[in-house]
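Student: So here's input_25.txt, just compact mmCIF, C-alpha atoms:
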# COMPACT_ATOMS: atom_id res chain seq x y z
CA GLU A 14 188.19 193.62 102.82
CA HIS A 15 187.59 197.17 104.04
CA LYS A 16 189.51 196.79 107.34
CA VAL A 17 186.41 197.83 109.29
CA PHE A 18 187.70 196.25 112.49
CA GLU A 19 191.01 198.10 112.28
CA GLN A 20 189.23 201.38 111.42
CA SER A 21 186.89 200.97 114.41
CA ILE A 22 190.01 201.15 116.60
CA GLN A 23 192.06 203.73 114.74
CA SER A 24 189.18 206.19 114.48
CA ARG A 25 188.90 206.42 118.28
CA ALA A 26 191.11 208.54 120.48
CA ALA A 27 194.12 206.74 121.96
CA ASN A 28 193.64 208.53 125.30
CA LYS A 29 190.19 206.97 125.79
CA PRO A 30 190.89 203.21 126.00
CA PHE A 31 188.62 200.34 127.03
CA VAL A 32 191.04 197.50 127.65
CA PHE A 33 190.06 194.00 126.55
CA TYR A 34 192.25 190.90 126.70
CA GLU A 35 190.56 187.71 125.63
CA GLY A 36 190.54 185.08 128.38
CA PRO A 37 192.85 182.85 126.37
CA PRO A 38 191.77 179.45 125.11
CA SER A 39 194.19 176.53 125.09
CA ALA A 40 194.74 175.50 121.47
CA ASN A 41 195.57 171.89 122.33
CA GLY A 42 191.83 171.07 122.26
CA MET A 43 189.10 171.62 119.72
CA PRO A 44 186.72 174.57 120.20
CA GLY A 45 183.11 173.81 121.10
CA ILE A 46 179.74 175.55 120.94
CA HIS A 47 180.27 176.94 124.45
CA HIS A 48 183.28 178.87 123.15
CA VAL A 49 181.05 180.44 120.48
CA VAL A 50 178.55 181.48 123.16
CA GLY A 51 181.19 182.96 125.47
CA ARG A 52 182.97 184.82 122.67
CA THR A 53 179.67 186.26 121.39
CA ILE A 54 179.04 187.83 124.80
CA LYS A 55 182.58 189.24 124.89
CA ASP A 56 182.14 190.66 121.38
CA ILE A 57 178.86 192.41 122.33
CA PHE A 58 180.58 194.36 125.13
CA CYS A 59 183.54 195.35 122.93
CA ARG A 60 181.26 196.62 120.13
CA TYR A 61 179.08 198.46 122.67
CA LYS A 62 182.06 200.27 124.21
CA THR A 63 183.29 201.12 120.68
CA LEU A 64 179.89 202.73 119.91
CA GLN A 65 180.33 204.80 123.09
CA GLY A 66 183.53 206.24 121.63
CA PHE A 67 186.13 204.13 123.40
CA ARG A 68 189.22 202.79 121.66
CA VAL A 69 188.89 199.03 122.15
CA GLU A 70 192.06 197.19 121.19
CA ARG A 71 191.03 193.56 121.54
CA LYS A 72 194.09 191.48 122.15
CA GLY A 73 193.86 187.76 121.47
CA GLY A 74 195.93 185.24 123.39
CA TRP A 75 196.83 181.60 123.87
CA ASP A 76 196.96 179.74 127.18
CA THR A 77 199.98 177.47 126.88
CA HIS A 78 200.48 176.41 130.48
CA GLY A 79 198.77 174.05 132.84
CA LEU A 80 197.84 170.47 133.56
CA PRO A 81 195.59 169.80 130.53
CA VAL A 82 198.61 170.26 128.23
CA GLU A 83 200.95 168.30 130.49
CA LEU A 84 198.56 165.38 130.93
CA LYS A 85 198.03 165.10 127.18
CA VAL A 86 201.77 165.13 126.50
CA GLU A 87 202.49 162.60 129.25
CA ALA A 88 199.84 160.26 127.83
CA GLU A 89 201.30 160.58 124.31
CA MET A 90 204.86 160.02 125.56
CA GLY A 91 203.84 157.21 127.93
CA ILE A 92 205.42 158.87 130.97
CA THR A 93 204.49 160.27 134.39
CA LYS A 94 205.77 163.39 136.17
CA ASP A 95 208.43 161.28 137.90
CA ASP A 96 209.94 160.34 134.51
CA ILE A 97 210.77 163.95 133.58
CA GLY A 98 214.52 164.35 133.94
CA THR A 99 215.14 160.59 133.85
CA LYS A 100 213.36 158.83 130.95
CA VAL A 101 213.01 162.12 129.02
CA THR A 102 214.91 165.37 129.45
CA VAL A 103 213.22 168.55 130.60
CA GLU A 104 214.06 170.06 127.19
CA GLU A 105 212.37 167.20 125.31
CA TYR A 106 209.32 167.46 127.54
CA ASN A 107 209.02 171.24 127.10
CA ALA A 108 209.48 170.99 123.32
CA LYS A 109 206.70 168.41 123.09
CA CYS A 110 204.44 170.59 125.24
CA ARG A 111 205.08 173.64 123.01
CA GLU A 112 204.30 171.57 119.93
CA THR A 113 201.14 170.02 121.36
CA VAL A 114 199.71 173.21 122.87
CA MET A 115 199.28 174.85 119.46
CA GLN A 116 197.92 171.72 117.80
CA TYR A 117 194.54 173.21 116.85
CA LYS A 118 195.51 176.89 116.47
CA ASP A 119 194.41 176.97 112.80
CA VAL A 120 190.97 175.59 113.74
CA TRP A 121 190.55 178.29 116.40
CA ASP A 122 191.61 181.04 113.96
CA ASP A 123 189.10 179.74 111.41
CA LEU A 124 186.28 179.73 113.99
CA THR A 125 187.18 183.28 115.08
CA ASN A 126 186.86 184.54 111.49
CA LYS A 127 183.73 182.55 110.65
CA MET A 128 181.76 183.87 113.62
CA GLY A 129 182.92 187.46 113.05
CA PHE A 130 184.60 187.75 116.44
CA TRP A 131 186.71 190.91 116.19
CA LEU A 132 190.04 190.06 117.79
CA ASP A 133 193.68 190.97 117.13
CA LEU A 134 195.21 187.63 116.26
CA GLN A 135 198.31 189.14 114.62
CA ASN A 136 199.83 190.25 117.93
CA PRO A 137 198.58 187.72 120.49
CA TYR A 138 199.93 187.31 124.00
CA ILE A 139 201.26 183.77 124.46
CA THR A 140 201.87 182.52 127.98
CA PHE A 141 205.03 180.56 127.11
CA ASP A 142 206.62 183.67 125.59
CA ASN A 143 209.39 185.15 127.75
CA LYS A 144 207.91 188.65 127.53
CA TYR A 145 204.66 187.33 129.01
CA ILE A 146 206.44 185.30 131.71
CA GLU A 147 208.52 188.34 132.71
CA SER A 148 205.36 190.47 132.96
CA VAL A 149 203.85 187.94 135.38
CA TRP A 150 207.02 187.97 137.50
CA TRP A 151 206.91 191.78 137.49
CA ILE A 152 203.32 191.70 138.85
CA ILE A 153 204.29 189.14 141.51
CA LYS A 154 207.20 191.40 142.54
CA GLN A 155 204.81 194.37 143.02
CA ILE A 156 202.56 192.17 145.18
CA TYR A 157 205.56 190.96 147.18
CA ASP A 158 206.90 194.49 147.70
CA LYS A 159 203.52 195.56 149.09
CA ASP A 160 203.71 192.62 151.55
CA TYR A 161 200.52 191.03 150.15
CA MET A 162 202.08 187.62 149.52
CA TYR A 163 202.25 184.90 152.14
CA LYS A 164 202.85 181.18 152.34
CA GLY A 165 200.17 179.00 153.89
CA TYR A 166 200.24 175.39 155.03
CA THR A 167 196.70 174.13 154.81
CA ILE A 168 194.69 170.97 154.23
CA GLN A 169 193.48 171.08 150.64
CA PRO A 170 191.75 168.77 148.17
CA TYR A 171 194.59 166.99 146.36
CA SER A 172 194.66 164.63 143.39
CA PRO A 173 197.50 162.06 143.67
CA ALA A 174 196.68 160.86 140.14
CA VAL A 175 197.91 164.17 138.64
CA GLY A 176 199.93 165.53 141.56
CA THR A 177 198.11 168.80 142.13
CA GLY A 178 195.81 170.52 144.58
CA LEU A 179 192.25 171.27 143.44
CA SER A 180 190.24 174.44 143.91
CA SER A 181 186.75 174.36 145.41
CA HIS A 182 185.45 175.15 141.91
CA GLU A 183 187.15 172.06 140.48
CA LEU A 184 185.87 169.93 143.34
CA ASN A 185 182.28 171.04 142.77
CA GLN A 186 182.02 170.45 139.04
CA PRO A 187 179.15 168.17 137.93
CA GLY A 188 179.93 164.50 138.43
CA THR A 189 182.91 164.92 140.73
CA TYR A 190 181.06 163.41 143.70
CA LYS A 191 180.47 159.72 143.01
CA GLU A 192 178.79 157.08 145.14
CA VAL A 193 181.36 154.56 146.34
CA THR A 194 181.22 151.62 148.72
CA ASP A 195 184.00 151.61 151.30
CA THR A 196 185.00 149.42 154.22
CA THR A 197 184.25 151.30 157.44
CA VAL A 198 185.54 150.58 160.92
CA ALA A 199 184.31 151.47 164.38
CA ALA A 200 187.73 151.23 166.04
CA GLN A 201 188.40 150.53 169.71
CA PHE A 202 191.00 152.82 171.30
CA ILE A 203 192.10 151.27 174.58
CA THR A 204 192.37 153.62 177.52
CA SER A 205 192.67 153.66 181.31
CA GLU A 206 189.66 152.17 183.09
CA GLU A 207 190.51 154.25 186.15
CA ALA A 208 190.54 157.55 184.19
CA VAL A 209 187.29 156.78 182.38
CA ASN A 210 185.48 155.57 185.50
CA LYS A 211 186.57 158.72 187.31
CA ALA A 212 185.12 160.89 184.53
CA PHE A 213 181.83 159.01 184.80
CA GLY A 214 181.82 159.19 188.60
CA ILE A 215 182.21 155.44 189.15
CA ILE A 216 184.29 154.72 192.24
CA THR A 217 184.83 150.96 192.14
CA PRO A 218 186.99 149.64 189.25
CA MET A 219 185.61 146.51 187.61
CA GLY A 220 188.90 145.31 186.11
CA LEU A 221 187.56 145.53 182.55
CA PRO A 222 189.43 146.66 179.42
CA THR A 223 188.00 150.05 178.48
CA TYR A 224 187.74 151.59 175.03
CA PHE A 225 186.66 154.74 173.21
CA ILE A 226 184.83 153.81 169.99
CA ALA A 227 185.32 156.02 166.90
CA TRP A 228 183.87 155.33 163.45
CA THR A 229 185.62 156.15 160.17
CA THR A 230 184.93 155.68 156.45
CA THR A 231 188.69 156.06 155.76
CA PRO A 232 190.52 153.34 157.74
CA TRP A 233 193.74 154.21 155.84
CA THR A 234 193.91 157.39 157.98
CA LEU A 235 193.94 155.43 161.27
CA PRO A 236 197.77 155.00 161.36
CA SER A 237 197.90 158.84 161.30
CA ASN A 238 195.52 159.22 164.26
CA THR A 239 196.76 161.54 167.03
CA ALA A 240 193.57 162.46 168.94
CA LEU A 241 189.88 161.69 169.53
CA ALA A 242 187.33 164.51 169.55
CA VAL A 243 184.14 164.63 171.63
CA GLY A 244 181.34 167.21 171.78
CA LYS A 245 181.51 169.41 174.87
CA GLU A 246 177.78 169.17 175.70
CA ILE A 247 177.06 165.76 174.15
CA GLU A 248 176.05 163.05 176.62
CA TYR A 249 178.26 159.95 176.53
CA ALA A 250 177.48 156.51 177.89
CA LEU A 251 179.79 154.00 179.53
CA VAL A 252 178.50 150.64 178.30
CA GLN A 253 179.44 147.17 179.53
CA THR A 254 179.19 144.54 176.78
CA PHE A 255 181.09 141.91 174.77
CA ASN A 256 183.23 142.53 171.69
CA PRO A 257 181.39 140.90 168.73
CA TYR A 258 184.61 139.51 167.18
CA THR A 259 186.74 138.42 170.15
CA PHE A 260 183.79 137.96 172.58
CA GLN A 261 185.83 139.73 175.28
CA LEU A 262 183.91 141.31 178.17
CA CYS A 263 184.70 145.02 178.12
CA GLN A 264 183.34 148.52 178.61
CA VAL A 265 183.08 151.06 175.80
CA VAL A 266 182.39 154.79 175.55
CA LEU A 267 180.13 156.30 172.86
CA ALA A 268 177.41 158.94 172.53
CA LYS A 269 174.23 158.03 174.40
CA ALA A 270 172.07 159.16 171.44
CA LEU A 271 173.80 156.65 169.14
CA ILE A 272 173.61 153.52 171.29
CA SER A 273 170.70 152.13 169.24
CA LYS A 274 172.87 152.34 166.09
CA TRP A 275 175.38 149.86 167.51
CA PHE A 276 173.27 147.79 169.93
CA LYS A 277 169.87 146.12 169.63
CA PRO A 278 167.53 147.81 172.14
CA GLU A 279 166.00 144.47 173.14
CA ASN A 280 169.42 143.29 174.37
CA GLU A 281 169.74 146.04 176.99
CA ASN A 282 170.05 144.50 180.47
CA ALA A 283 169.93 140.97 178.99
CA SER A 284 171.69 138.20 180.94
CA PHE A 285 175.47 138.32 180.74
CA GLU A 286 175.67 134.80 182.24
CA ASP A 287 173.61 133.31 179.39
CA TYR A 288 175.77 134.86 176.66
CA LYS A 289 177.91 132.42 174.67
CA PRO A 290 180.73 133.45 172.30
CA GLY A 291 179.33 133.89 168.81
CA ASP A 292 175.77 134.71 169.91
CA LYS A 293 174.12 137.27 167.62
CA ASN A 294 172.25 138.85 170.52
CA ILE A 295 174.93 140.57 172.58
CA PRO A 296 173.82 141.84 176.00
CA TYR A 297 174.76 145.31 177.19
CA ILE A 298 174.15 147.55 180.16
CA ILE A 299 174.52 151.33 180.43
CA LEU A 300 176.66 151.90 183.52
CA GLN A 301 176.69 155.71 183.65
CA ILE A 302 176.30 158.95 181.65
CA CYS A 303 178.56 162.03 181.49
CA LYS A 304 179.13 165.13 179.33
CA GLY A 305 181.91 165.25 176.73
CA ASN A 306 183.90 167.94 178.53
CA GLN A 307 184.41 165.50 181.43
CA LEU A 308 186.27 163.14 179.08
CA ALA A 309 188.66 165.80 177.73
CA GLY A 310 192.30 165.17 178.55
CA ILE A 311 192.02 161.39 178.99
CA GLU A 312 194.90 159.60 177.26
CA TYR A 313 194.66 156.40 175.21
CA GLU A 314 197.07 154.03 173.48
CA GLN A 315 198.11 154.51 169.85
CA LEU A 316 195.88 152.33 167.68
CA LEU A 317 198.30 151.20 164.94
CA PRO A 318 201.94 151.78 165.95
CA TYR A 319 204.66 151.34 163.32
CA GLU A 320 208.28 152.45 163.05
CA ALA A 321 207.34 155.48 160.93
CA ASN A 322 204.60 156.85 163.19
CA ALA A 323 206.35 156.66 166.54
CA LYS A 324 205.91 159.45 169.10
CA LYS A 325 209.38 160.84 168.29
CA HIS A 326 208.08 161.96 164.87
CA ILE A 327 205.32 164.11 166.33
CA GLU A 328 205.72 167.81 167.04
CA GLY A 329 203.22 168.34 169.82
CA ASP A 330 201.02 166.19 172.01
CA ALA A 331 199.26 163.00 170.90
CA TRP A 332 196.71 160.33 171.74
CA LYS A 333 194.37 162.12 174.06
CA VAL A 334 190.70 163.14 174.04
CA ILE A 335 189.95 166.75 173.02
CA VAL A 336 186.79 168.80 172.48
CA GLY A 337 185.71 169.59 168.89
CA ASP A 338 182.95 172.01 167.92
CA PHE A 339 182.10 169.95 164.79
CA VAL A 340 181.32 166.70 166.63
CA SER A 341 177.66 165.67 166.27
CA THR A 342 175.37 162.72 166.96
CA GLU A 343 174.04 162.49 163.41
CA ASP A 344 176.10 159.40 162.60
CA GLY A 345 179.07 157.38 163.81
CA THR A 346 179.63 157.08 167.56
CA GLY A 347 179.77 160.74 168.59
CA ILE A 348 183.56 160.35 168.93
CA VAL A 349 185.62 161.51 165.95
CA HIS A 350 189.02 160.01 165.09
CA ILE A 351 191.40 162.92 164.43
CA ALA A 352 194.12 162.67 161.76
CA PRO A 353 195.30 166.30 161.42
CA SER A 354 197.03 165.66 158.08
CA PHE A 355 193.88 164.59 156.28
CA GLY A 356 191.06 166.92 157.29
CA ALA A 357 190.60 170.67 157.68
CA ASP A 358 188.50 170.33 160.86
CA ASP A 359 190.96 167.79 162.25
CA ASN A 360 193.88 170.11 161.57
CA ARG A 361 192.17 173.14 163.12
CA VAL A 362 191.10 171.43 166.35
CA ALA A 363 194.50 169.72 166.67
CA LYS A 364 196.32 173.07 166.49
CA GLN A 365 193.95 174.53 169.07
CA ASN A 366 194.92 171.73 171.47
CA ASN A 367 198.65 171.47 170.62
CA ILE A 368 198.11 168.04 169.06
CA GLY A 369 200.80 167.00 166.57
CA SER A 370 200.28 165.29 163.23
CA LEU A 371 201.46 162.17 161.42
CA THR A 372 201.46 162.16 157.60
CA MET A 373 201.88 158.48 156.81
CA VAL A 374 200.89 158.83 153.13
CA ASP A 375 203.01 160.51 150.44
CA LYS A 376 201.86 162.73 147.56
CA ALA A 377 201.60 159.75 145.23
CA GLY A 378 198.89 158.37 147.52
CA LYS A 379 201.08 155.60 148.98
CA PHE A 380 201.98 154.67 152.55
CA ILE A 381 205.53 155.77 153.33
CA GLU A 382 208.35 153.39 154.25
CA GLY A 383 208.44 152.19 157.84
CA MET A 384 204.73 151.31 157.84
CA GLY A 385 205.27 147.57 158.02
CA GLU A 386 202.96 145.54 155.76
CA LEU A 387 201.34 148.79 154.54
CA SER A 388 204.58 150.33 153.21
CA GLY A 389 204.39 151.35 149.55
CA ARG A 390 200.71 150.50 149.13
CA TYR A 391 198.29 152.93 147.48
CA VAL A 392 195.52 154.03 149.84
CA LYS A 393 193.16 154.10 146.84
CA ASP A 394 193.44 152.76 143.28
CA TYR A 395 195.36 155.54 141.51
CA ILE A 396 197.13 153.51 138.79
CA ASN A 397 194.45 151.02 137.63
CA GLU A 398 196.18 147.98 139.10
CA ALA A 399 194.47 144.81 137.87
CA ASP A 400 194.75 143.14 141.27
CA TYR A 401 194.39 146.26 143.44
CA LYS A 402 193.28 145.51 146.98
CA SER A 403 192.32 148.33 149.30
CA PRO A 404 194.47 148.57 152.45
CA ASP A 405 191.22 149.48 154.26
CA ILE A 406 190.29 145.78 154.14
CA ASP A 407 193.62 144.63 155.60
CA ILE A 408 193.52 147.31 158.28
CA ALA A 409 190.00 146.19 159.26
CA ILE A 410 191.11 142.54 159.48
CA LYS A 411 194.17 143.51 161.55
CA LEU A 412 192.01 145.52 163.97
CA LYS A 413 189.54 142.64 164.31
CA THR A 414 192.24 140.10 165.18
CA GLU A 415 193.96 142.50 167.62
CA ASN A 416 190.70 143.21 169.47
CA LYS A 417 190.70 146.82 168.23
CA ALA A 418 187.53 146.76 166.11
CA PHE A 419 184.00 146.98 167.45
CA ASN A 420 182.32 146.95 164.04
CA VAL A 421 183.38 146.49 160.41
CA GLN A 422 180.95 146.90 157.52
CA LYS A 423 180.57 148.16 153.96
CA TYR A 424 179.13 151.65 153.57
CA ALA A 425 177.86 153.47 150.46
CA HIS A 426 178.51 157.21 150.43
CA ASN A 427 179.46 160.08 148.10
CA TYR A 428 183.17 160.81 147.72
CA PRO A 429 184.89 163.57 145.69
CA HIS A 430 186.89 162.61 142.60
CA CYS A 431 189.38 164.44 140.39
CA TRP A 432 187.53 165.85 137.37
CA ARG A 433 190.53 165.22 135.12
CA THR A 434 191.16 161.56 135.96
CA ASP A 435 187.99 160.31 137.73
CA LYS A 436 190.27 159.10 140.55
CA PRO A 437 189.47 159.76 144.25
CA ILE A 438 190.99 162.84 145.83
CA LEU A 439 192.65 163.07 149.24
CA TYR A 440 192.58 165.93 151.69
CA TYR A 441 196.27 166.59 152.13
CA PRO A 442 198.60 169.13 153.81
CA LEU A 443 200.05 171.38 151.10
CA ASP A 444 202.30 174.43 150.96
CA SER A 445 200.64 177.13 148.87
CA TRP A 446 201.29 180.79 148.12
CA PHE A 447 198.41 183.16 148.70
CA ILE A 448 197.74 186.83 147.88
CA ALA A 449 196.04 188.78 150.68
CA MET A 450 193.10 190.49 148.98
Render the structure in this file as structure tokens.
Tutor:
Amino acid sequence: EHKVFEQSIQSRAANKPFVFYEGPPSANGMPGIHHVVGRTIKDIFCRYKTLQGFRVERKGGWDTHGLPVELKVEAEMGITKDDIGTKVTVEEYNAKCRETVMQYKDVWDDLTNKMGFWLDLQNPYITFDNKYIESVWWIIKQIYDKDYMYKGYTIQPYSPAVGTGLSSHELNQPGTYKEVTDTTVAAQFITSEEAVNKAFGIITPMGLPTYFIAWTTTPWTLPSNTALAVGKEIEYALVQTFNPYTFQLCQVVLAKALISKWFKPENENASFEDYKPGDKNIPYIILQICKGNQLAGIEYEQLLPYEANAKKHIEGDAWKVIVGDFVSTEDGTGIVHIAPSFGADDNRVAKQNNIGSLTMVDKAGKFIEGMGELSGRYVKDYINEADYKSPDIDIAIKLKTENKAFNVQKYAHNYPHCWRTDKPILYYPLDSWFIAM
């Protein structure tokens, strides 16, 4: 009634400003008690600076961009991102977004007045307004001119369900890590017996198929494998045994400290002659021990070759043992399967060793064409298919029948999910623009 708010601004000198822009809410959702709390704190600072003699013009604003608006509109229109420009025009989509984003503006204005939050709502900044958009481009141009802008190609958390990368903040919100049960595989990567025996200091070849064993909780990444990582100072054992699925006599390489995880101690040095295919007690003998750095450089055969992941599609080297500083003996086999497209550590160590990458999954979370029976299949359930079957299961079965699996089992572990959709995320190679701070 008395325009106290306006007078509190006008009565202060224009050359002594304290600038306040409200971090803008998105008016396509209802306000909650947490907005009252946050705005109260903002209001305290503005009133305090006014009492100190500053001119505090408090500009309100509306956040009209971003995924929350888009997802709501797409749900209402019954479309996905791929339908924009085909089932609906870009103009229709934008118009619906502009309409939806201001859906609850009157409720927000009412709350602002009721709680006595002093804010200029008559001249708000609105992020879909051309003046605002041009101001953002102007800022970006200043950053560019100062050479602070650069493009990066990094492995980032990515949500196929909404088609966007996620920040570390989004990934660490409460409830994003959920316990899931996945099919895990300890895969057998066949290699040269001669090369392995030489690394272990064994002179006489035994004529046995020889494998590196690597364990993974994400079998869908195995077609993108391009290296195996060992720990430089970790001790590895060359073990003679039988494959538990094909009953083939073979020798396998894994970390000495993890032998008891994959073999029963009482079966060490048990009779090989008495073993019969299908026996639960599988004999084994440790032939020799060596350090991980002695295995570096040994080549092995590609585990799951398809038309799409042939060597000709790789820029760099592939399918050899390298040293990784992140390899441990806490779990698995002490040998890490490296798919540079789907892990930050994998990508880093691959680049250090000139190892190329294979990205056999697209941004929708599906295997690309040319992947045989896997082509077009979702690596995880992103679209709520009633009869969804994980390709991890089929990959595990394929590896078993081809004598490329040493162990297959279910495993419960925590896995990050998208906070907007509750769907699993992927770690995926993305182009992103960064500002050097």
Student: Rank A:Val374, A:Ala108, A:Leu316, A:Val209 by their smallest atom-to-atom distance to A:Leu221, using only C-alpha atoms, and report the top residue only.
Tutor: A:Val209
Student: For A:Lys127, which residue out of A:Val49, A:Ala174, A:Ile92, A:Ile247 is the nearest one, using all atoms listed in the file?
Tutor: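 Going through A:Val49, A:Ala174, A:Ile92, A:Ile247 one by one, the smallest distance to A:Lys127 is for A:Val49.
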Student: Which of these, A:Val149, A:Ile302, A:Leu179, A:Ala409, has the shortest distance to A:Ser445 once you count all atoms listed in the file?
Tutor: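 Under the stated criterion, the closest residue is A:Leu179.
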Student: Would you work out the distance separating atom CA of A:Asp359 from atom CA of A:Trp233, expressed in Å to one decimal?
Tutor: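 Computing it gives 15.3 Å between the two atoms.
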Student: Find, counting all atoms listed in the file, the residue in A:Asp142, A:Glu147, A:Asp122, A:Glu192 that gets nearest to A:Ala425.
Tutor: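 With all atoms listed in the file as the atom set, the closest residue is A:Glu192.
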Student: Rounded to one decimal place, report the atom CA of A:Ile335-atom CA of A:Val252 distance in Å.
Tutor: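 Atom CA of A:Val252 lies at a distance of 20.5 Å from atom CA of A:Ile335.
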Student: Name all residues at most 6 Å from stretch 426-430 of chain A (count all atoms listed in the file; drop same-chain ones fewer than 4 positions away) and give them as a PyMOL selection string.
Tutor: chain A and resi 189-193+435-438
Student: What would the list of residues within 9 Å of (200.4, 179.7, 151.2) (file frame) look like as a PyMOL selection string, if all atoms listed in the file are what count?
Tutor: chain A and resi 162-167+443-448
Student: Report, in Å to a single decimal, how far apart atom CA of A:Ser148 and atom CA of A:Glu19 are.
Tutor: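 That distance, rounded to one decimal, is 26.3 Å.
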Student: Pick out the closest residue to A:Tyr171 from this set: A:Gly356, A:Pro296, A:Gly244, A:Gly45. Count only C-alpha atoms.
Tutor: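 Comparing A:Gly356, A:Pro296, A:Gly244, A:Gly45 against A:Tyr171, the winner is A:Gly356.
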Student: Tell me, as an mmCIF file with C-alpha atoms, keeping the file's coordinate frame, which residues lie within 12 Å of A:Trp75, counting only C-alpha atoms; anything in the same chain fewer than 6 positions away does not count.
Tutor:
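Wrote selection.cif, looks like this:
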data_model
loop_
_atom_site.group_PDB
_atom_site.id
_atom_site.type_symbol
_atom_site.label_atom_id
_atom_site.label_comp_id
_atom_site.auth_asym_id
_atom_site.auth_seq_id
_atom_site.Cartn_x
_atom_site.Cartn_y
_atom_site.Cartn_z
ATOM 1 C CA TYR A 34 192.250 190.900 126.700
ATOM 2 C CA GLU A 35 190.560 187.710 125.630
ATOM 3 C CA GLY A 36 190.540 185.080 128.380
ATOM 4 C CA PRO A 37 192.850 182.850 126.370
ATOM 5 C CA PRO A 38 191.770 179.450 125.110
ATOM 6 C CA SER A 39 194.190 176.530 125.090
ATOM 7 C CA ALA A 40 194.740 175.500 121.470
ATOM 8 C CA ASN A 41 195.570 171.890 122.330
ATOM 9 C CA GLY A 42 191.830 171.070 122.260
ATOM 10 C CA ARG A 111 205.080 173.640 123.010
ATOM 11 C CA VAL A 114 199.710 173.210 122.870
ATOM 12 C CA MET A 115 199.280 174.850 119.460
ATOM 13 C CA GLN A 116 197.920 171.720 117.800
ATOM 14 C CA TYR A 117 194.540 173.210 116.850
ATOM 15 C CA LYS A 118 195.510 176.890 116.470
ATOM 16 C CA TRP A 121 190.550 178.290 116.400
ATOM 17 C CA ASP A 122 191.610 181.040 113.960
ATOM 18 C CA ASP A 133 193.680 190.970 117.130
ATOM 19 C CA LEU A 134 195.210 187.630 116.260
ATOM 20 C CA ASN A 136 199.830 190.250 117.930
ATOM 21 C CA PRO A 137 198.580 187.720 120.490
ATOM 22 C CA TYR A 138 199.930 187.310 124.000
ATOM 23 C CA ILE A 139 201.260 183.770 124.460
ATOM 24 C CA THR A 140 201.870 182.520 127.980
ATOM 25 C CA PHE A 141 205.030 180.560 127.110
ATOM 26 C CA ASP A 142 206.620 183.670 125.590
ATOM 27 C CA TYR A 145 204.660 187.330 129.010
#
Student: For the contact check between stretch 54-130 of chain A and stretch 376-382 of chain A, emit one row per residue of stretch 54-130 of chain A within 12 Å, containing the shortest atom pair and the distance in Å rounded to one decimal, counting all atoms listed in the file, chain then rising number order, as a tab-separated table.
Tutor:
residue	atom	partner	partner_atom	distance
A:Thr93	CA	A:Ala377	CA	11.2
A:Lys94	CA	A:Ala377	CA	10.6
A:Asp95	CA	A:Ala377	CA	10.1
Student: Generate the output file for the selected residues, C-alpha atoms, as an mmCIF file, in the coordinates of the input.
Tutor:
data_model
loop_
_atom_site.group_PDB
_atom_site.id
_atom_site.type_symbol
_atom_site.label_atom_id
_atom_site.label_comp_id
_atom_site.auth_asym_id
_atom_site.auth_seq_id
_atom_site.Cartn_x
_atom_site.Cartn_y
_atom_site.Cartn_z
ATOM 1 C CA THR A 93 204.490 160.270 134.390
ATOM 2 C CA LYS A 94 205.770 163.390 136.170
ATOM 3 C CA ASP A 95 208.430 161.280 137.900
#
Student: So that I can check the surroundings of A:Gln135, please list as a PyMOL selection string every protein, DNA and RNA residue that reaches within 10 Å of it, counting only C-alpha atoms and ignoring chain neighbours fewer than 5 positions away.
Tutor: chain A and resi 72-74
Student: Find, counting all atoms listed in the file, the residue in A:Pro353, A:Pro404, A:Gly389, A:Gly176 that gets nearest to A:Thr239.
Tutor: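 Checking each candidate against A:Thr239, we get A:Pro353 as the closest.
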